[in-house]
Each structure stands twice: as C-alpha cells, then as structure tokens.
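**Q** Quick one: structure below, then a few questions.
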Protein chains: 2
Amino acid sequence: MAANSQFAIAIHVLTILAKGGDERVKSDYIAGSVNTNPVVIRRLLSNLQEANIVVSQVGATGGTSLAKQPKDIYLSEVYKALPCGEVFALHSKEANQDCPIGKKMAAFLCGLQKEIDKSIEEKLHQYTLRDVIEKIDAA
Amino acid sequence: MAANSQFAIAIHVLTILAKGGDERVKSDYIAGSVNTNPVVIRRLLSNLQEANIVVSQVGATGGTSLAKQPKDIYLSEVYKALPCGEVFALHSKEANQDCPIGKKMAAFLCGLQKEIDKSIEEKLHQYTLRDVIEKIDAA
DNA sequence: TTAAACTGTATCAAAAGAGGTTACAAAAAG
DNA sequence: CTTTTTGTAACCTCTTTTGATACAGTTTAA
C-alpha cells in the first residue's frame, strides 16, 4: 500500500490558502507547490469543503479560499475531515471463533482503537492553522 | 489487506501466551486462533523477541512464552516493538523547494508526526497486558 | 452567444505495502 | 539419525493510494 499522506498534504494546502488571504487560489497553483497533480488537490479540497474548512468556486476566476480564519481552524477538524485510516487495523480475517480468546478480541481491539483515535484528536485540537503558520514563519 | 494490523495481532498473540503461562506455545497453535499463517506469527514474534517481550526456543519442544509478567508488559512497548507506520505519511514526492512554504513544510510535518506518535505511546502506556486480559475475561 | 478558465468527478493505470505461502537451513530433543 | 519447530528468504497476490486523462458543468468576459 502507499501510506496515506492526505493529512500532510492538507496542512500544506491550508497553509497556502491562508497565505492567499481572501483570494481564490487555483488547484493548479497549489499542485505546483505540493508537487502533485491538480486532481489530487481538488479531491482533497472537496473533503475540506464538506467539512466547511474551505470554500471553492467553480468557473473562470474560480478557486478556493479558507472558509474561516486560520485561528479558528483546528487541526483536529482537518484530521476528521479526511478519510485517514486508523492507527492500527484490525485483522482482515476474523479470528477463530472457537477459540475463547479470539472470540472476544475484536471487540476489545475496536474499543482500544477508538480510544487512541480520541487521543490523537485531542492532541491535534491543541493546534490551529494559525499556530502552524507561525511555526513555519519562525523556521 | 488494508493498513497494518500487526499491533492488533500482537495483542491477540500476547494474550494467548499469557494464558499459556510458562508453557511454550507453538506458532502453529497461535496461527490457528488468530486465523492466519504460522509464518506471519513467527515474523511478529521475532519483533517481540527483539524487544524482550517474549522468548522463543527453537527445536523440537520449542515455542514461545512471555519474557515477563503480564503486569509488566505495557502496550506502549508492544507498539514500539513493531514496525507500524505513522499516523499520517509525509508526501512521497518532495514539495517544490522554490515555494517558500513547501520548503519548510516537511520539517514541520515531521515534528508534528513525532508529537502525535508520542501521545499515542502515552495513551498505550496506560495499559498493561494484564489489563487487557482482565477486560477480555470480563467481557 | 461564444470562448476561455476553472472546479468536480469518473475512470484507469501505476506504485507500494501488507499478508499469505512455500521452501529450507539451523537447532534441539530423543 | 529423525522428528519437530523456529527463523528467514523469496515470491505472489490483494488492496489502497496516488497520479493521469478526460470530460461535463459553471462562471466570466469579450
């Protein structure tokens, strides 16, 4: 599998949009900075738009801009907006149900997975896009 | 096969070993409960052995048992012992270095990745294998 | 009203990772 | 020696992600 880099790209994209202010930035331009195909960017922006993080405009002079201030965009929102997988996957094949341990394992692991996901979200909730920009600028 | 399920399988395997007490459990038996191939299990056990979580013995009458008490095996150790990927991947292609944002993005994302990983480890450090067994038994 | 410039998607090809299998060397026990 | 089992290497396949092409629909402006 190719590892999922959507979150990383999203942060990059949002930083570019923040720098653009109210201007509508084109997917072509963003793709240039991220070094990928415009369609990849538009697919991502589509997810971010559903989550009300960005607003896109079709047509000539179209493009995308932030739906709100950088200080109001939490990285946790971005994380949740994307179809990123879980930290660890459950086993694709179901465990042997004749084994007393196997039988109860899936439920337990699923609960642990949710707990971890929650702690990732809590961590990401500590940062907003503004914090990201400040760190980038300071570097 | 989706994302990496090694952590999930590891928890399952360790639970089986704990139930086995001091007895050496064979990879064939474990594979039966997890419902996978013995080689997959041996590969995993090899990682856990390097981290001093289990001890394997080759030869006839060989097998694997825990290297220490369930109460002394933290899930964080297990997580660190395995080559699980990061929560999100960096972009495979390097960002455009002519773009002032792209230039600084990788370093920032890498730092964020480490922070998240740390908070996952902290979360997992709250549980030991004994806790897992108790939850499984209670279910 | 036509042309140009975009976004939004569908679809397909390519790349990479994970798990499953087979095969076999090395080790221990009897 | 023979049997049993771990440790690995090598290879195949399946799945997911990314990249690429194509095109319909929308908006602006000449």
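So you can find residues: chains in the structure tokens are A, B, ... in the order shown, residues in each start at 1, and ligands are numbered from 1 in order.
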Using only C-alpha atoms (C1' of nucleotides), find each residue in chain A having at least one atom no more than 10 Å away from chain D; report its shortest atom-to-atom pair and that distance in Å (one decimal), rows by chain then rising number, as JSON lines.
**A**
{"residue": "A:Met1", "atom": "CA", "partner": "D:DT16", "partner_atom": "C1'", "distance": 5.3}
{"residue": "A:Ala2", "atom": "CA", "partner": "D:DT17", "partner_atom": "C1'", "distance": 5.1}
{"residue": "A:Ala3", "atom": "CA", "partner": "D:DT17", "partner_atom": "C1'", "distance": 6.9}
{"residue": "A:Asn4", "atom": "CA", "partner": "D:DT17", "partner_atom": "C1'", "distance": 6.6}
{"residue": "A:Ser5", "atom": "CA", "partner": "D:DT17", "partner_atom": "C1'", "distance": 8.7}
{"residue": "A:Gln6", "atom": "CA", "partner": "D:DT17", "partner_atom": "C1'", "distance": 9.7}
{"residue": "A:Thr36", "atom": "CA", "partner": "D:DG19", "partner_atom": "C1'", "distance": 7.8}
{"residue": "A:Asn37", "atom": "CA", "partner": "D:DG19", "partner_atom": "C1'", "distance": 6.6}
{"residue": "A:Pro38", "atom": "CA", "partner": "D:DG19", "partner_atom": "C1'", "distance": 9.7}
{"residue": "A:Val39", "atom": "CA", "partner": "D:DG19", "partner_atom": "C1'", "distance": 8.6}
{"residue": "A:Val40", "atom": "CA", "partner": "D:DT18", "partner_atom": "C1'", "distance": 7.8}
{"residue": "A:Gln57", "atom": "CA", "partner": "D:DT27", "partner_atom": "C1'", "distance": 8.9}
{"residue": "A:Val58", "atom": "CA", "partner": "D:DT26", "partner_atom": "C1'", "distance": 5.9}
{"residue": "A:Gly59", "atom": "CA", "partner": "D:DT27", "partner_atom": "C1'", "distance": 4.0}
{"residue": "A:Ala60", "atom": "CA", "partner": "D:DT27", "partner_atom": "C1'", "distance": 5.4}
{"residue": "A:Thr61", "atom": "CA", "partner": "D:DT28", "partner_atom": "C1'", "distance": 7.1}
{"residue": "A:Gly62", "atom": "CA", "partner": "D:DT27", "partner_atom": "C1'", "distance": 7.8}
**Q** Taking N, CA and C atoms for each residue, export the selection above as a short mmCIF file (atom, residue, chain, number, x, y, z; two decimals), in the first residue's frame.
**A**
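Final output, selection11.cif:
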data_model
loop_
_atom_site.label_atom_id
_atom_site.label_comp_id
_atom_site.auth_asym_id
_atom_site.auth_seq_id
_atom_site.Cartn_x
_atom_site.Cartn_y
_atom_site.Cartn_z
N MET A 1 0.86 -1.19 0.00
CA MET A 1 0.00 0.00 0.00
C MET A 1 0.88 1.24 0.00
N ALA A 2 0.38 2.29 -0.53
CA ALA A 2 1.08 3.56 -0.39
C ALA A 2 0.48 4.19 0.86
N ALA A 3 1.31 4.66 1.75
CA ALA A 3 0.78 5.22 3.00
C ALA A 3 -0.01 6.49 2.72
N ASN A 4 -1.01 6.71 3.51
CA ASN A 4 -1.91 7.84 3.33
C ASN A 4 -1.27 9.16 3.74
N SER A 5 -1.13 10.06 2.78
CA SER A 5 -0.47 11.32 3.11
C SER A 5 -1.44 12.49 3.02
N GLN A 6 -2.72 12.20 3.04
CA GLN A 6 -3.70 13.26 2.86
C GLN A 6 -3.65 14.32 3.95
N THR A 36 2.34 17.81 -7.00
CA THR A 36 1.49 16.68 -7.38
C THR A 36 0.52 17.12 -8.46
N ASN A 37 -0.45 16.28 -8.74
CA ASN A 37 -1.41 16.56 -9.80
C ASN A 37 -2.58 17.39 -9.28
N PRO A 38 -3.07 18.34 -10.07
CA PRO A 38 -4.19 19.19 -9.63
C PRO A 38 -5.41 18.40 -9.18
N VAL A 39 -5.64 17.26 -9.79
CA VAL A 39 -6.81 16.46 -9.42
C VAL A 39 -6.69 15.95 -7.99
N VAL A 40 -5.49 15.60 -7.61
CA VAL A 40 -5.26 15.13 -6.24
C VAL A 40 -5.64 16.24 -5.27
N GLN A 57 -15.02 27.81 -5.56
CA GLN A 57 -15.90 28.50 -6.51
C GLN A 57 -15.56 27.94 -7.89
N VAL A 58 -16.58 27.47 -8.60
CA VAL A 58 -16.30 26.93 -9.94
C VAL A 58 -16.31 28.05 -10.96
N GLY A 59 -15.95 27.71 -12.18
CA GLY A 59 -15.99 28.69 -13.26
C GLY A 59 -14.70 29.48 -13.41
N ALA A 60 -14.65 30.28 -14.48
CA ALA A 60 -13.49 31.13 -14.70
C ALA A 60 -13.36 32.02 -13.47
N THR A 61 -12.18 32.40 -13.10
CA THR A 61 -11.88 33.16 -11.86
C THR A 61 -12.25 32.33 -10.63
N GLY A 62 -12.48 31.04 -10.82
CA GLY A 62 -12.78 30.19 -9.68
C GLY A 62 -11.53 29.87 -8.89
#
**Q** Could you fit chain B onto chain A with a least-squares superposition over all C-alpha atoms, matched one to one in order, and give me the transformed chain as a tab-separated table (two decimals) with N, CA and C atoms, in the first residue's frame?
**A**
chain	number	residue	atom	x	y	z
B	1	MET	N	4.06	4.44	-3.02
B	1	MET	CA	3.14	5.17	-2.13
B	1	MET	C	2.90	4.34	-0.88
B	2	ALA	N	3.28	4.90	0.18
B	2	ALA	CA	3.11	4.16	1.42
B	2	ALA	C	1.78	4.53	2.03
B	3	ALA	N	1.83	4.84	3.30
B	3	ALA	CA	0.61	5.14	4.02
B	3	ALA	C	-0.01	6.44	3.50
B	4	ASN	N	-1.11	6.74	4.08
B	4	ASN	CA	-1.93	7.86	3.69
B	4	ASN	C	-1.28	9.21	4.02
B	5	SER	N	-1.05	10.01	2.99
B	5	SER	CA	-0.40	11.29	3.23
B	5	SER	C	-1.37	12.46	3.11
B	6	GLN	N	-2.64	12.16	3.13
B	6	GLN	CA	-3.63	13.22	2.93
B	6	GLN	C	-3.59	14.29	4.01
B	7	PHE	N	-3.37	13.88	5.22
B	7	PHE	CA	-3.33	14.88	6.29
B	7	PHE	C	-2.16	15.83	6.07
B	8	ALA	N	-1.01	15.26	5.75
B	8	ALA	CA	0.17	16.08	5.51
B	8	ALA	C	-0.07	17.06	4.36
B	9	ILE	N	-0.65	16.57	3.30
B	9	ILE	CA	-0.91	17.44	2.16
B	9	ILE	C	-1.94	18.51	2.54
B	10	ALA	N	-2.92	18.11	3.32
B	10	ALA	CA	-3.97	19.06	3.72
B	10	ALA	C	-3.38	20.24	4.48
B	11	ILE	N	-2.47	19.97	5.38
B	11	ILE	CA	-1.85	21.05	6.16
B	11	ILE	C	-1.10	21.99	5.21
B	12	HIS	N	-0.42	21.39	4.29
B	12	HIS	CA	0.32	22.18	3.30
B	12	HIS	C	-0.63	23.07	2.50
B	13	VAL	N	-1.68	22.46	2.01
B	13	VAL	CA	-2.66	23.18	1.20
B	13	VAL	C	-3.30	24.32	1.98
B	14	LEU	N	-3.68	24.04	3.20
B	14	LEU	CA	-4.35	25.08	4.00
B	14	LEU	C	-3.40	26.24	4.28
B	15	THR	N	-2.14	25.93	4.45
B	15	THR	CA	-1.16	26.99	4.68
B	15	THR	C	-1.08	27.91	3.46
B	16	ILE	N	-1.11	27.28	2.32
B	16	ILE	CA	-1.07	28.08	1.08
B	16	ILE	C	-2.32	28.95	0.98
B	17	LEU	N	-3.46	28.38	1.29
B	17	LEU	CA	-4.70	29.14	1.21
B	17	LEU	C	-4.68	30.31	2.20
B	18	ALA	N	-4.13	30.06	3.36
B	18	ALA	CA	-4.07	31.12	4.37
B	18	ALA	C	-3.21	32.28	3.86
B	19	LYS	N	-2.12	31.93	3.23
B	19	LYS	CA	-1.25	32.97	2.67
B	19	LYS	C	-1.97	33.75	1.58
B	20	GLY	N	-2.88	33.07	0.91
B	20	GLY	CA	-3.61	33.70	-0.19
B	20	GLY	C	-4.70	34.66	0.28
B	21	GLY	N	-5.00	34.62	1.56
B	21	GLY	CA	-6.02	35.52	2.10
B	21	GLY	C	-7.39	35.24	1.50
B	22	ASP	N	-8.08	36.27	1.07
B	22	ASP	CA	-9.42	36.09	0.52
B	22	ASP	C	-9.42	35.68	-0.95
B	23	GLU	N	-8.25	35.71	-1.56
B	23	GLU	CA	-8.17	35.34	-2.97
B	23	GLU	C	-8.50	33.87	-3.17
B	24	ARG	N	-9.06	33.60	-4.34
B	24	ARG	CA	-9.35	32.20	-4.66
B	24	ARG	C	-8.12	31.60	-5.31
B	25	VAL	N	-7.62	30.56	-4.71
B	25	VAL	CA	-6.43	29.92	-5.24
B	25	VAL	C	-6.83	28.72	-6.09
B	26	LYS	N	-6.17	28.56	-7.22
B	26	LYS	CA	-6.53	27.48	-8.14
B	26	LYS	C	-5.80	26.19	-7.80
B	27	SER	N	-6.46	25.08	-8.08
B	27	SER	CA	-5.89	23.76	-7.76
B	27	SER	C	-4.58	23.54	-8.51
B	28	ASP	N	-4.48	24.13	-9.67
B	28	ASP	CA	-3.26	24.00	-10.46
B	28	ASP	C	-2.07	24.62	-9.73
B	29	TYR	N	-2.31	25.77	-9.15
B	29	TYR	CA	-1.24	26.46	-8.44
B	29	TYR	C	-0.81	25.67	-7.20
B	30	ILE	N	-1.79	25.21	-6.45
B	30	ILE	CA	-1.50	24.43	-5.25
B	30	ILE	C	-0.71	23.17	-5.60
B	31	ALA	N	-1.18	22.51	-6.66
B	31	ALA	CA	-0.50	21.28	-7.09
B	31	ALA	C	0.97	21.55	-7.39
B	32	GLY	N	1.23	22.74	-7.90
B	32	GLY	CA	2.61	23.10	-8.20
B	32	GLY	C	3.48	23.14	-6.97
B	33	SER	N	2.95	23.69	-5.89
B	33	SER	CA	3.73	23.79	-4.67
B	33	SER	C	3.87	22.44	-3.97
B	34	VAL	N	2.78	21.68	-3.99
B	34	VAL	CA	2.81	20.39	-3.31
B	34	VAL	C	3.55	19.36	-4.17
B	35	ASN	N	3.63	19.66	-5.44
B	35	ASN	CA	4.31	18.78	-6.39
B	35	ASN	C	3.52	17.51	-6.64
B	36	THR	N	2.28	17.71	-7.01
B	36	THR	CA	1.43	16.58	-7.35
B	36	THR	C	0.45	17.01	-8.42
B	37	ASN	N	-0.50	16.16	-8.69
B	37	ASN	CA	-1.48	16.41	-9.74
B	37	ASN	C	-2.66	17.24	-9.21
B	38	PRO	N	-3.18	18.18	-10.01
B	38	PRO	CA	-4.30	19.01	-9.57
B	38	PRO	C	-5.52	18.21	-9.10
B	39	VAL	N	-5.72	17.07	-9.70
B	39	VAL	CA	-6.88	16.27	-9.32
B	39	VAL	C	-6.74	15.75	-7.89
B	40	VAL	N	-5.53	15.43	-7.53
B	40	VAL	CA	-5.28	14.97	-6.17
B	40	VAL	C	-5.66	16.08	-5.19
B	41	ILE	N	-5.31	17.30	-5.55
B	41	ILE	CA	-5.64	18.45	-4.71
B	41	ILE	C	-7.15	18.69	-4.67
B	42	ARG	N	-7.79	18.59	-5.79
B	42	ARG	CA	-9.24	18.84	-5.81
B	42	ARG	C	-9.99	17.79	-5.01
B	43	ARG	N	-9.51	16.58	-5.08
B	43	ARG	CA	-10.14	15.51	-4.29
B	43	ARG	C	-10.06	15.85	-2.81
B	44	LEU	N	-8.89	16.31	-2.42
B	44	LEU	CA	-8.67	16.66	-1.01
B	44	LEU	C	-9.53	17.85	-0.61
B	45	LEU	N	-9.54	18.87	-1.45
B	45	LEU	CA	-10.32	20.07	-1.15
B	45	LEU	C	-11.80	19.75	-1.04
B	46	SER	N	-12.21	18.77	-1.80
B	46	SER	CA	-13.60	18.36	-1.74
B	46	SER	C	-13.96	17.88	-0.33
B	47	ASN	N	-13.06	17.13	0.27
B	47	ASN	CA	-13.28	16.68	1.66
B	47	ASN	C	-13.27	17.85	2.64
B	48	LEU	N	-12.35	18.76	2.42
B	48	LEU	CA	-12.24	19.90	3.33
B	48	LEU	C	-13.45	20.83	3.20
B	49	GLN	N	-14.01	20.84	2.02
B	49	GLN	CA	-15.19	21.69	1.82
B	49	GLN	C	-16.39	21.12	2.55
B	50	GLU	N	-16.52	19.81	2.49
B	50	GLU	CA	-17.62	19.15	3.19
B	50	GLU	C	-17.57	19.44	4.68
B	51	ALA	N	-16.36	19.60	5.18
B	51	ALA	CA	-16.17	19.86	6.61
B	51	ALA	C	-16.20	21.35	6.92
B	52	ASN	N	-16.56	22.16	5.93
B	52	ASN	CA	-16.64	23.61	6.12
B	52	ASN	C	-15.32	24.25	6.55
B	53	ILE	N	-14.27	23.74	6.00
B	53	ILE	CA	-12.96	24.32	6.30
B	53	ILE	C	-12.54	25.24	5.17
B	54	VAL	N	-12.93	24.89	3.95
B	54	VAL	CA	-12.63	25.74	2.81
B	54	VAL	C	-13.91	25.94	1.98
B	55	VAL	N	-13.87	26.91	1.09
B	55	VAL	CA	-14.98	27.14	0.17
B	55	VAL	C	-14.42	27.18	-1.24
B	56	SER	N	-15.01	26.40	-2.12
B	56	SER	CA	-14.55	26.42	-3.51
B	56	SER	C	-15.62	27.05	-4.39
B	57	GLN	N	-15.14	27.56	-5.48
B	57	GLN	CA	-16.02	28.23	-6.43
B	57	GLN	C	-15.72	27.66	-7.80
B	58	VAL	N	-16.72	27.18	-8.49
B	58	VAL	CA	-16.45	26.62	-9.81
B	58	VAL	C	-16.47	27.72	-10.86
B	59	GLY	N	-16.12	27.36	-12.05
B	59	GLY	CA	-16.17	28.32	-13.16
B	59	GLY	C	-14.91	29.13	-13.34
B	60	ALA	N	-14.88	29.90	-14.40
B	60	ALA	CA	-13.74	30.77	-14.65
B	60	ALA	C	-13.64	31.69	-13.43
B	61	THR	N	-12.47	32.11	-13.07
B	61	THR	CA	-12.20	32.89	-11.85
B	61	THR	C	-12.51	32.08	-10.60
B	62	GLY	N	-12.72	30.78	-10.79
B	62	GLY	CA	-13.00	29.94	-9.63
B	62	GLY	C	-11.73	29.65	-8.85
B	63	GLY	N	-11.87	28.86	-7.79
B	63	GLY	CA	-10.73	28.52	-6.95
B	63	GLY	C	-11.21	28.28	-5.54
B	64	THR	N	-10.27	28.20	-4.62
B	64	THR	CA	-10.63	27.86	-3.24
B	64	THR	C	-10.01	28.84	-2.26
B	65	SER	N	-10.78	29.16	-1.21
B	65	SER	CA	-10.22	29.97	-0.12
B	65	SER	C	-10.70	29.39	1.20
B	66	LEU	N	-10.10	29.82	2.28
B	66	LEU	CA	-10.48	29.31	3.60
B	66	LEU	C	-11.91	29.74	3.94
B	67	ALA	N	-12.62	28.90	4.64
B	67	ALA	CA	-13.98	29.22	5.03
B	67	ALA	C	-14.01	30.02	6.32
B	68	LYS	N	-12.87	30.06	7.02
B	68	LYS	CA	-12.80	30.85	8.25
B	68	LYS	C	-11.36	31.23	8.55
B	69	GLN	N	-11.19	31.97	9.59
B	69	GLN	CA	-9.87	32.45	9.97
B	69	GLN	C	-8.93	31.30	10.38
B	70	PRO	N	-7.67	31.41	10.05
B	70	PRO	CA	-6.69	30.39	10.46
B	70	PRO	C	-6.77	30.08	11.95
B	71	LYS	N	-7.02	31.08	12.76
B	71	LYS	CA	-7.05	30.84	14.21
B	71	LYS	C	-8.26	29.98	14.62
B	72	ASP	N	-9.22	29.86	13.73
B	72	ASP	CA	-10.40	29.06	14.05
B	72	ASP	C	-10.41	27.70	13.38
B	73	ILE	N	-9.32	27.37	12.73
B	73	ILE	CA	-9.24	26.06	12.08
B	73	ILE	C	-8.31	25.16	12.91
B	74	TYR	N	-8.91	24.23	13.61
B	74	TYR	CA	-8.14	23.32	14.45
B	74	TYR	C	-7.65	22.14	13.62
B	75	LEU	N	-6.45	21.71	13.90
B	75	LEU	CA	-5.92	20.57	13.14
B	75	LEU	C	-6.76	19.31	13.38
B	76	SER	N	-7.43	19.28	14.50
B	76	SER	CA	-8.30	18.13	14.76
B	76	SER	C	-9.45	18.07	13.76
B	77	GLU	N	-9.95	19.23	13.37
B	77	GLU	CA	-11.02	19.28	12.36
B	77	GLU	C	-10.53	18.71	11.05
B	78	VAL	N	-9.31	19.12	10.72
B	78	VAL	CA	-8.72	18.68	9.45
B	78	VAL	C	-8.57	17.17	9.46
B	79	TYR	N	-8.08	16.67	10.57
B	79	TYR	CA	-7.88	15.23	10.70
B	79	TYR	C	-9.21	14.48	10.53
B	80	LYS	N	-10.22	15.00	11.19
B	80	LYS	CA	-11.52	14.32	11.11
B	80	LYS	C	-12.18	14.44	9.74
B	81	ALA	N	-11.81	15.48	9.03
B	81	ALA	CA	-12.42	15.70	7.71
B	81	ALA	C	-11.93	14.71	6.67
B	82	LEU	N	-10.78	14.11	6.94
B	82	LEU	CA	-10.16	13.24	5.93
B	82	LEU	C	-10.34	11.77	6.23
B	83	PRO	N	-10.38	10.98	5.16
B	83	PRO	CA	-10.56	9.54	5.34
B	83	PRO	C	-9.23	8.87	5.68
B	84	CYS	N	-8.53	9.40	6.68
B	84	CYS	CA	-7.29	8.76	7.10
B	84	CYS	C	-7.67	7.47	7.81
B	85	GLY	N	-6.84	6.50	7.67
B	85	GLY	CA	-7.13	5.23	8.31
B	85	GLY	C	-6.88	5.31	9.80
B	86	GLU	N	-7.09	4.22	10.47
B	86	GLU	CA	-6.79	4.16	11.89
B	86	GLU	C	-5.30	3.89	12.10
B	87	VAL	N	-4.89	4.02	13.34
B	87	VAL	CA	-3.49	3.82	13.67
B	87	VAL	C	-3.07	2.38	13.38
B	88	PHE	N	-3.90	1.46	13.79
B	88	PHE	CA	-3.62	0.07	13.43
B	88	PHE	C	-4.92	-0.52	12.89
B	89	ALA	N	-4.79	-1.47	12.00
B	89	ALA	CA	-5.97	-2.08	11.42
B	89	ALA	C	-6.34	-3.32	12.21
B	90	LEU	N	-7.61	-3.68	12.15
B	90	LEU	CA	-8.00	-4.97	12.71
B	90	LEU	C	-7.61	-6.01	11.67
B	91	HIS	N	-7.56	-7.24	12.08
B	91	HIS	CA	-7.19	-8.28	11.14
B	91	HIS	C	-8.31	-8.44	10.12
B	92	SER	N	-7.89	-8.60	8.85
B	92	SER	CA	-8.90	-8.67	7.80
B	92	SER	C	-9.79	-9.91	7.94
B	93	LYS	N	-9.15	-11.01	8.28
B	93	LYS	CA	-9.96	-12.22	8.49
B	93	LYS	C	-10.43	-12.24	9.94
B	94	GLU	N	-11.63	-12.62	10.13
B	94	GLU	CA	-12.17	-12.70	11.48
B	94	GLU	C	-11.43	-13.79	12.26
B	95	ALA	N	-11.21	-13.54	13.53
B	95	ALA	CA	-10.54	-14.54	14.36
B	95	ALA	C	-11.44	-15.77	14.48
B	96	ASN	N	-10.82	-16.86	14.84
B	96	ASN	CA	-11.54	-18.12	15.03
B	96	ASN	C	-12.55	-17.97	16.18
B	97	GLN	N	-13.82	-18.08	15.85
B	97	GLN	CA	-14.86	-17.86	16.85
B	97	GLN	C	-15.01	-19.02	17.81
B	98	ASP	N	-14.36	-20.12	17.51
B	98	ASP	CA	-14.42	-21.26	18.42
B	98	ASP	C	-13.44	-21.06	19.57
B	99	CYS	N	-12.49	-20.15	19.35
B	99	CYS	CA	-11.50	-19.87	20.39
B	99	CYS	C	-12.08	-18.79	21.29
B	100	PRO	N	-12.11	-19.06	22.60
B	100	PRO	CA	-12.74	-18.11	23.53
B	100	PRO	C	-12.08	-16.73	23.50
B	101	ILE	N	-10.79	-16.70	23.19
B	101	ILE	CA	-10.11	-15.40	23.14
B	101	ILE	C	-10.44	-14.69	21.83
B	102	GLY	N	-10.30	-15.44	20.75
B	102	GLY	CA	-10.56	-14.87	19.43
B	102	GLY	C	-11.94	-14.24	19.36
B	103	LYS	N	-12.85	-14.89	20.01
B	103	LYS	CA	-14.24	-14.45	20.00
B	103	LYS	C	-14.42	-13.03	20.54
B	104	LYS	N	-13.65	-12.69	21.55
B	104	LYS	CA	-13.84	-11.40	22.21
B	104	LYS	C	-12.83	-10.34	21.77
B	105	MET	N	-11.88	-10.78	20.96
B	105	MET	CA	-10.78	-9.89	20.61
B	105	MET	C	-11.21	-8.68	19.79
B	106	ALA	N	-11.98	-8.90	18.77
B	106	ALA	CA	-12.35	-7.83	17.85
B	106	ALA	C	-13.01	-6.66	18.58
B	107	ALA	N	-13.92	-6.98	19.46
B	107	ALA	CA	-14.63	-5.92	20.19
B	107	ALA	C	-13.65	-5.10	21.03
B	108	PHE	N	-12.76	-5.81	21.68
B	108	PHE	CA	-11.79	-5.11	22.52
B	108	PHE	C	-10.90	-4.19	21.70
B	109	LEU	N	-10.36	-4.74	20.61
B	109	LEU	CA	-9.44	-3.96	19.78
B	109	LEU	C	-10.13	-2.75	19.17
B	110	CYS	N	-11.36	-2.93	18.82
B	110	CYS	CA	-12.11	-1.82	18.24
B	110	CYS	C	-12.22	-0.69	19.26
B	111	GLY	N	-12.46	-1.05	20.49
B	111	GLY	CA	-12.56	-0.03	21.54
B	111	GLY	C	-11.24	0.67	21.76
B	112	LEU	N	-10.17	-0.10	21.75
B	112	LEU	CA	-8.85	0.49	21.94
B	112	LEU	C	-8.52	1.46	20.80
B	113	GLN	N	-8.89	1.04	19.62
B	113	GLN	CA	-8.67	1.87	18.44
B	113	GLN	C	-9.36	3.23	18.59
B	114	LYS	N	-10.57	3.19	19.08
B	114	LYS	CA	-11.32	4.45	19.27
B	114	LYS	C	-10.65	5.32	20.31
B	115	GLU	N	-10.15	4.69	21.35
B	115	GLU	CA	-9.48	5.47	22.40
B	115	GLU	C	-8.24	6.17	21.87
B	116	ILE	N	-7.48	5.44	21.08
B	116	ILE	CA	-6.26	6.03	20.52
B	116	ILE	C	-6.61	7.17	19.59
B	117	ASP	N	-7.63	6.93	18.79
B	117	ASP	CA	-8.02	7.96	17.85
B	117	ASP	C	-8.43	9.23	18.61
B	118	LYS	N	-9.08	9.02	19.73
B	118	LYS	CA	-9.50	10.17	20.52
B	118	LYS	C	-8.29	10.94	21.04
B	119	SER	N	-7.27	10.21	21.44
B	119	SER	CA	-6.12	10.94	21.98
B	119	SER	C	-5.33	11.65	20.89
B	120	ILE	N	-5.41	11.13	19.68
B	120	ILE	CA	-4.78	11.84	18.57
B	120	ILE	C	-5.55	13.13	18.32
B	121	GLU	N	-6.84	13.02	18.33
B	121	GLU	CA	-7.65	14.22	18.09
B	121	GLU	C	-7.44	15.27	19.17
B	122	GLU	N	-7.29	14.81	20.38
B	122	GLU	CA	-7.05	15.76	21.47
B	122	GLU	C	-5.73	16.49	21.27
B	123	LYS	N	-4.75	15.72	20.84
B	123	LYS	CA	-3.44	16.32	20.58
B	123	LYS	C	-3.55	17.37	19.47
B	124	LEU	N	-4.23	16.99	18.41
B	124	LEU	CA	-4.35	17.89	17.27
B	124	LEU	C	-5.23	19.10	17.56
B	125	HIS	N	-6.05	18.95	18.57
B	125	HIS	CA	-6.93	20.08	18.93
B	125	HIS	C	-6.14	21.18	19.63
B	126	GLN	N	-4.90	20.86	19.97
B	126	GLN	CA	-4.06	21.87	20.63
B	126	GLN	C	-3.50	22.87	19.63
B	127	TYR	N	-3.64	22.57	18.36
B	127	TYR	CA	-3.07	23.46	17.34
B	127	TYR	C	-4.11	23.96	16.35
B	128	THR	N	-3.93	25.20	15.95
B	128	THR	CA	-4.78	25.74	14.89
B	128	THR	C	-3.87	26.02	13.70
B	129	LEU	N	-4.50	26.34	12.60
B	129	LEU	CA	-3.73	26.66	11.39
B	129	LEU	C	-2.83	27.87	11.64
B	130	ARG	N	-3.29	28.77	12.49
B	130	ARG	CA	-2.45	29.94	12.77
B	130	ARG	C	-1.14	29.53	13.43
B	131	ASP	N	-1.23	28.56	14.34
B	131	ASP	CA	-0.01	28.06	14.99
B	131	ASP	C	0.95	27.49	13.96
B	132	VAL	N	0.37	26.78	13.00
B	132	VAL	CA	1.21	26.18	11.96
B	132	VAL	C	1.94	27.28	11.20
B	133	ILE	N	1.19	28.28	10.80
B	133	ILE	CA	1.79	29.38	10.02
B	133	ILE	C	2.89	30.08	10.81
B	134	GLU	N	2.63	30.27	12.08
B	134	GLU	CA	3.66	30.92	12.90
B	134	GLU	C	4.93	30.09	12.96
B	135	LYS	N	4.75	28.78	13.10
B	135	LYS	CA	5.94	27.92	13.16
B	135	LYS	C	6.67	27.91	11.84
B	136	ILE	N	5.94	27.88	10.77
B	136	ILE	CA	6.56	27.87	9.45
B	136	ILE	C	7.32	29.18	9.23
B	137	ASP	N	6.69	30.27	9.62
B	137	ASP	CA	7.33	31.57	9.43
B	137	ASP	C	8.59	31.71	10.28
B	138	ALA	N	8.52	31.12	11.46
B	138	ALA	CA	9.67	31.24	12.37
B	138	ALA	C	10.85	30.40	11.89
B	139	ALA	N	10.55	29.36	11.16
B	139	ALA	CA	11.63	28.45	10.73
B	139	ALA	C	12.57	29.10	9.72
**Q** Residues of chain C within 9 Å of chain A, counting only C-alpha atoms (C1' of nucleotides) - could you list those as a list in words?
**A**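 Taken together, these residues fit the definition: DA4, DA5, DC6, DT7, DG8, DT9, DA15, DA16, DG17 and DA18 of chain C.
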**Q** What residues in segment 29-131 of chain A get the DSSP label helix (DSSP H, G or I)? Please answer as a PyMOL selection string.
**A** chain A and resi 29-34+38-50+70-72+75-81+100-124+129-131
